[in-house]
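Encoded as structure tokens, the structure appears first; notes follow it.
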Amino acid sequence: MTMTGTSASRPVARGGIRLRAVLVGLAATPLNAYWITYTYWRFGYLVDRPSLIYYNCVVYLVGLVGVNSLLRRWRPRWVFSVGELLTIYLLLSLATAWCGVDFLSDLPEGISNPFWFASPSNQWDEVVLPYLPGWLTVSDRDVIGGLFEGYSTVYRTRVLLAWLGPALWWSAMVTALMLAFVCLSSLLRRRWSDEDRLLFPAATVPLQIADRRYGLFRSKVMWTGILLAAGMGAVNTIHGLRPAVPGIPFYFDVGPYLQGMPPWNAIRQTGMELRPLAVAVCYLMPLDLLFSLWFFNLTFKAQIITASHFAWTTNIYTGFPYVDNQGLGGFIALLASVLWLDRQYLGRVVRKVVGLRTTLDESGEAFSYRGAVLGLAVALGFLIYFFSRGGMKPPLTLFWAAHLLLLGLAATRIRAQLAPPTLELWWIGPNHFLPMVIGSQSMSREAQGMMWLTYPVTREFNSNPQPWTLEAFRLADAGGVDRRRMAWLMVAITPVAAMSVFWATLHVVYRVGVHSNADPGGSDHALDVPQLLANALNNPAGPDQAALWAVGAGLVSTVALMALKMRFVGWPLHPAALPIACAWVTDEYLPSIFTADQGRYHALRRPATASAGADVLPGGDHRLNDRRVLTHHHRVDRRCAAVRCDSRGGRKGRHARLRSGQARELRPFSRASEASGPALRRGTAAIHPTAWCAPSASLVRQITAGLQCEAAAST
């Protein structure tokens, strides 16, 4: 059962949530931050991988469901409602996102290590430190010594006071970002959720766990999967305790086999994983996206190997063929296509904001459209003040914020529609894009210092909470929670999560020291702040023409893939896969993606599985995206070419309309839904043409008409 069908067929009454759910979420946030930080620094566990669904939050939700079962028997009045369970899950998921390993968890180290590692050899005392704002950093070596050397404690008055000021400023900054995220999602929620009817595959998991009417815990298939995954995990745990017991290798590194073998050793990521969790998350995606992900990933690897073989590049990470910049071009194309096709809706929003007459109803939204725009303006105003204090001019701040928010908006749409396992977006955030476009020589040294100090917040989008905001509104609808209260809860949890990250990191690292990190490359991420700033200040440059050409190449390639996908119904390459496939985490998950692709493909080849649809396959209506159904559509189309039946009983005209139906897929969902009727709207993921070309309602009508043609031919 999909959430699309559920929300359409079983409306829920809107209401509030009891205070206890909010208190549970807020109280669990510091404990969650401590657990994430401790397991990372001591054991190297990455809770935010994969970033689609945080497994720790799923475990918390399952635990609460177990508590609910006991309360239902002994204290029925104390039972948590579905809305309360989903609220706690969302609050802890957002807190986990802020605590991500490549997000705020690097910030305490990033704002202090320039002062600790400054030496005469790197000349950071002269090049870097004068341009770092003191109110955002901790420069006292006596204070930060315990952070890097360990065997100390943060609970000293001098240490706490030194960290308190920067922690409060950074918490205010990320709270302003969250306010902007929520306001943007509130402006687009109606279009993307109600009209485009995106599937939100990732939201299906917590909803089916929280709502016992789905009967998930009575599913034999689910318990079989749990036992298999738990059994493999138990074997590896025993192997860790008793190495004589053989383990199951989930991770393997091909690097040692490629040493001294150019150009094959030029691939960027040599470590790969085949984890049950990653396979399960990948299984939520449409089949054509799964195939396209590993296809384009291998294509990018071939580009890098070819460039290395012919000595066209000196840096396989940031040089030619500029793989990450090609991905940025793809994201720009995807977002531009969505906003262009949403232009009429956005025009109605603008009319509503300025007070002109429009039919747009905003009564059920988290904020009124005017209030959302005002909230966005307040957030941007605070960011301008924040960056201006550090020496960055308002136009640069607006450029920085616009790139961050729009890139996050593209990630929000992709997550809501396709649910890829990761959205890393490495090396293409505003800190890289801004110098790429205008050149570092056009920016003052103070502006560059301020910009690179925020690098832990913009390095990648794996843990960026912006994509979660739209999904939170969808889960709020499913749980009967008022959207406005959910919006303010998302904003309120942000400073709590940010301060919890600072506390947990300082509490753990002051005891063990930075160099004790179980992740060998963990501290390298924080060192990027002074290293990249020093490189930019020592080597000022103009706009990077080659990188911009790569962005253009990625944009053109993605547009071409969208055109091919809409022109040829069975086209197997999904345009949204191109920018996602260049991610480092995609390299790491390549075996998991391939395994999920083959498993889903062979499952769809079984007639029983294919007919069962949403009840058997995660993602439900995604089956309309799958190759098996598309191939069936081609077969039906060819049969109709021979029959040429007409809906009025004749034998002319129908085939022409079927063939022209491919062009009609370009129409927005609003037109398609009006023509297809309420029954089709409830049963179909009829998303509008940007669907980045997923089959829309017009394709469903073509398949239905084709089946009618087959029936007419048989009679």
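Letters A, B, ... go to the chains of the structure tokens in the order shown; residues in each chain start at 1; ligands are counted from 1 in the same order.
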
As a CSV table (one decimal) with N, CA, C and O atoms, in the first residue's frame, please: the residues near Thr469 (chain A) (cut-off 8 Å, only C-alpha atoms, same-chain neighbours under 2 positions excluded).
```csv
chain,number,residue,atom,x,y,z
A,181,PHE,N,14.5,27.1,4.7
A,181,PHE,CA,14.1,25.8,4.2
A,181,PHE,C,12.6,25.6,4.3
A,181,PHE,O,11.9,25.2,3.4
A,182,VAL,N,12.1,25.8,5.5
A,182,VAL,CA,10.7,25.5,5.8
A,182,VAL,C,9.8,26.5,5.0
A,182,VAL,O,8.7,26.0,4.5
A,185,SER,N,9.7,25.2,1.3
A,185,SER,CA,8.8,24.0,1.2
A,185,SER,C,7.4,24.4,1.4
A,185,SER,O,6.5,23.8,0.7
A,465,PRO,N,19.3,19.2,5.9
A,465,PRO,CA,17.9,18.9,6.3
A,465,PRO,C,16.9,19.5,5.4
A,465,PRO,O,15.7,19.2,5.6
A,466,GLN,N,17.2,20.2,4.4
A,466,GLN,CA,16.2,20.9,3.6
A,466,GLN,C,15.3,19.9,2.9
A,466,GLN,O,14.1,20.1,2.9
A,467,PRO,N,15.8,18.8,2.3
A,467,PRO,CA,14.9,17.8,1.7
A,467,PRO,C,13.9,17.2,2.7
A,467,PRO,O,12.8,16.7,2.3
A,471,GLU,N,9.0,16.5,3.1
A,471,GLU,CA,8.6,15.2,3.6
A,471,GLU,C,7.9,15.3,4.9
A,471,GLU,O,7.0,14.5,5.2
A,472,ALA,N,8.4,16.2,5.8
A,472,ALA,CA,7.7,16.4,7.1
A,472,ALA,C,6.3,16.8,6.9
A,472,ALA,O,5.4,16.3,7.7
A,473,PHE,N,6.0,17.7,6.0
A,473,PHE,CA,4.6,18.1,5.7
A,473,PHE,C,3.8,16.9,5.3
A,473,PHE,O,2.6,16.8,5.6
A,490,MET,N,10.0,22.2,13.4
A,490,MET,CA,11.2,22.0,12.7
A,490,MET,C,12.2,23.1,12.9
A,490,MET,O,13.4,22.9,13.0
```

request  = Please give the complete set of residues from region 164-307 of chain A that DSSP, run on the backbone, assigns to alpha helix (DSSP H), formatted as an MDAnalysis selection string.
outcome  = chainID A and resid 164:189 201:210 220:241 255:258 276:282 287:307

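Picture a line from CA of Arg275 (chain A) to CA of Tyr589 (chain A); it runs 8.4 Å.
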
ask   = What's the 7 Å shell around Thr422 (chain A), counting only C-alpha atoms, without same-chain residues fewer than 5 positions away, as a ChimeraX atom specification?
value = /A:50-52,462,585

query = Can you tell me how far CA of Tyr251 (chain A) sits from CA of Ala302 (chain A), in Å to one decimal?
reply = 22.5 Å

ask   = Contacts of region 308-310 of chain A at 8 Å or less, counting only C-alpha atoms, minus same-chain residues fewer than 6 places along, as a PyMOL selection string?
value = chain A and resi 262-263+266+316

Those residues with all heavy atoms, as a short mmCIF file (atom, residue, chain, number, x, y, z; two decimals), in the first residue's frame please?
```
data_model
loop_
_atom_site.label_atom_id
_atom_site.label_comp_id
_atom_site.auth_asym_id
_atom_site.auth_seq_id
_atom_site.Cartn_x
_atom_site.Cartn_y
_atom_site.Cartn_z
N PRO A 262 48.37 2.14 -13.80
CA PRO A 262 47.70 3.24 -14.48
C PRO A 262 47.16 2.76 -15.84
O PRO A 262 47.75 1.86 -16.44
CB PRO A 262 48.81 4.27 -14.65
CG PRO A 262 50.08 3.48 -14.63
CD PRO A 262 49.82 2.31 -13.74
N PRO A 263 46.07 3.33 -16.32
CA PRO A 263 45.28 4.41 -15.71
C PRO A 263 44.16 3.89 -14.81
O PRO A 263 43.33 4.67 -14.36
CB PRO A 263 44.68 5.09 -16.94
CG PRO A 263 44.44 3.95 -17.88
CD PRO A 263 45.58 2.99 -17.68
N ALA A 266 43.17 5.39 -11.43
CA ALA A 266 42.74 6.78 -11.40
C ALA A 266 41.32 6.94 -10.87
O ALA A 266 40.87 8.07 -10.68
CB ALA A 266 42.83 7.40 -12.80
N ILE A 316 42.52 14.26 -10.64
CA ILE A 316 41.32 13.50 -10.97
C ILE A 316 40.14 13.89 -10.08
O ILE A 316 39.01 13.48 -10.34
CB ILE A 316 41.57 11.98 -10.84
CG1 ILE A 316 41.95 11.62 -9.39
CG2 ILE A 316 42.62 11.53 -11.81
CD1 ILE A 316 42.09 10.14 -9.14
#
```

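Taking only C-alpha atoms into account, Gln417 (chain A) lies nearest to A:Leu199 out of the set A:Leu376, A:Leu199, A:Leu23, A:Leu61.
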
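The two atoms in question, CA of Thr586 (chain A) and CA of Tyr455 (chain A), are spaced 21.8 Å apart.
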
Pick from A:Gln123, A:Ser186, A:Ser152, A:Gln545, whichever lies nearest to Tyr322 (chain A) using only C-alpha atoms = A:Gln545

Determine, for each residue of region 397-492 of chain A having at least one atom at most 9 Å from an atom of region 71-86 of chain A, the closest pair of atoms and their separation in Å to one decimal, counting only C-alpha atoms; order by chain and ascending number, as JSON lines.
```
{"residue": "A:Ala472", "atom": "CA", "partner": "A:Leu86", "partner_atom": "CA", "distance": 8.8}
{"residue": "A:Leu475", "atom": "CA", "partner": "A:Leu86", "partner_atom": "CA", "distance": 6.8}
{"residue": "A:Ala476", "atom": "CA", "partner": "A:Gly83", "partner_atom": "CA", "distance": 6.8}
{"residue": "A:Asp477", "atom": "CA", "partner": "A:Gly83", "partner_atom": "CA", "distance": 8.7}
{"residue": "A:Ala478", "atom": "CA", "partner": "A:Gly83", "partner_atom": "CA", "distance": 7.6}
{"residue": "A:Gly479", "atom": "CA", "partner": "A:Gly83", "partner_atom": "CA", "distance": 3.9}
{"residue": "A:Gly480", "atom": "CA", "partner": "A:Gly83", "partner_atom": "CA", "distance": 5.9}
{"residue": "A:Val481", "atom": "CA", "partner": "A:Gly83", "partner_atom": "CA", "distance": 5.8}
```

Could you write out the selected residues, including all heavy atoms, as a PDB file, in the first residue's frame?
```pdb
ATOM      1  N   ALA A 472       8.363  16.179   5.766  1.00  0.00           N
ATOM      2  CA  ALA A 472       7.730  16.355   7.076  1.00  0.00           C
ATOM      3  C   ALA A 472       6.276  16.792   6.926  1.00  0.00           C
ATOM      4  O   ALA A 472       5.393  16.332   7.662  1.00  0.00           O
ATOM      5  CB  ALA A 472       8.509  17.379   7.898  1.00  0.00           C
ATOM      6  N   LEU A 475       4.250  13.674   5.973  1.00  0.00           N
ATOM      7  CA  LEU A 475       4.007  12.808   7.118  1.00  0.00           C
ATOM      8  C   LEU A 475       3.046  13.458   8.113  1.00  0.00           C
ATOM      9  O   LEU A 475       2.257  12.766   8.772  1.00  0.00           O
ATOM     10  CB  LEU A 475       5.322  12.457   7.807  1.00  0.00           C
ATOM     11  CG  LEU A 475       6.209  11.446   7.077  1.00  0.00           C
ATOM     12  CD1 LEU A 475       7.543  11.291   7.783  1.00  0.00           C
ATOM     13  CD2 LEU A 475       5.513  10.096   6.968  1.00  0.00           C
ATOM     14  N   ALA A 476       3.111  14.772   8.219  1.00  0.00           N
ATOM     15  CA  ALA A 476       2.158  15.467   9.085  1.00  0.00           C
ATOM     16  C   ALA A 476       0.733  15.258   8.573  1.00  0.00           C
ATOM     17  O   ALA A 476      -0.198  15.046   9.359  1.00  0.00           O
ATOM     18  CB  ALA A 476       2.491  16.957   9.153  1.00  0.00           C
ATOM     19  N   ASP A 477       0.544  15.316   7.263  1.00  0.00           N
ATOM     20  CA  ASP A 477      -0.772  15.044   6.691  1.00  0.00           C
ATOM     21  C   ASP A 477      -1.222  13.623   7.009  1.00  0.00           C
ATOM     22  O   ASP A 477      -2.381  13.380   7.360  1.00  0.00           O
ATOM     23  CB  ASP A 477      -0.739  15.246   5.178  1.00  0.00           C
ATOM     24  CG  ASP A 477      -0.539  16.697   4.795  1.00  0.00           C
ATOM     25  OD1 ASP A 477      -0.725  17.565   5.667  1.00  0.00           O
ATOM     26  OD2 ASP A 477      -0.189  16.959   3.632  1.00  0.00           O
ATOM     27  N   ALA A 478      -0.303  12.666   6.876  1.00  0.00           N
ATOM     28  CA  ALA A 478      -0.657  11.272   7.123  1.00  0.00           C
ATOM     29  C   ALA A 478      -0.992  11.029   8.591  1.00  0.00           C
ATOM     30  O   ALA A 478      -1.825  10.174   8.905  1.00  0.00           O
ATOM     31  CB  ALA A 478       0.490  10.357   6.689  1.00  0.00           C
ATOM     32  N   GLY A 479      -0.350  11.771   9.500  1.00  0.00           N
ATOM     33  CA  GLY A 479      -0.591  11.583  10.922  1.00  0.00           C
ATOM     34  C   GLY A 479      -1.617  12.518  11.519  1.00  0.00           C
ATOM     35  O   GLY A 479      -1.870  12.460  12.724  1.00  0.00           O
ATOM     36  N   GLY A 480      -2.203  13.379  10.689  1.00  0.00           N
ATOM     37  CA  GLY A 480      -3.209  14.303  11.207  1.00  0.00           C
ATOM     38  C   GLY A 480      -2.637  15.435  12.021  1.00  0.00           C
ATOM     39  O   GLY A 480      -3.341  16.014  12.856  1.00  0.00           O
ATOM     40  N   VAL A 481      -1.373  15.786  11.807  1.00  0.00           N
ATOM     41  CA  VAL A 481      -0.715  16.869  12.558  1.00  0.00           C
ATOM     42  C   VAL A 481      -0.857  18.168  11.780  1.00  0.00           C
ATOM     43  O   VAL A 481      -0.707  18.186  10.551  1.00  0.00           O
ATOM     44  CB  VAL A 481       0.769  16.540  12.796  1.00  0.00           C
ATOM     45  CG1 VAL A 481       1.456  17.667  13.556  1.00  0.00           C
ATOM     46  CG2 VAL A 481       0.896  15.227  13.547  1.00  0.00           C
TER      47      VAL A 481
END
```

message = I'd like to know which residues of region 187-347 of chain A are strand (DSSP E or B) (by DSSP, run on the backbone); could you write them as a PyMOL selection string?
response = chain A and resi 251-253+271-273

task = Give me the residues within 9 Å of region 133-138 of chain A as a ChimeraX atom specification, counting only C-alpha atoms and dropping any in the same chain fewer than 5 places off.
result = /A:108,110-113,115,143-144,162-163,165-167,169-170,389-391,446,449-450,453

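When only C-alpha atoms are used to compute distances to Met173 (chain A), the closest of the residues A:Ala366, A:Ala33, A:Ile384, A:Val353 turns out to be A:Ile384.
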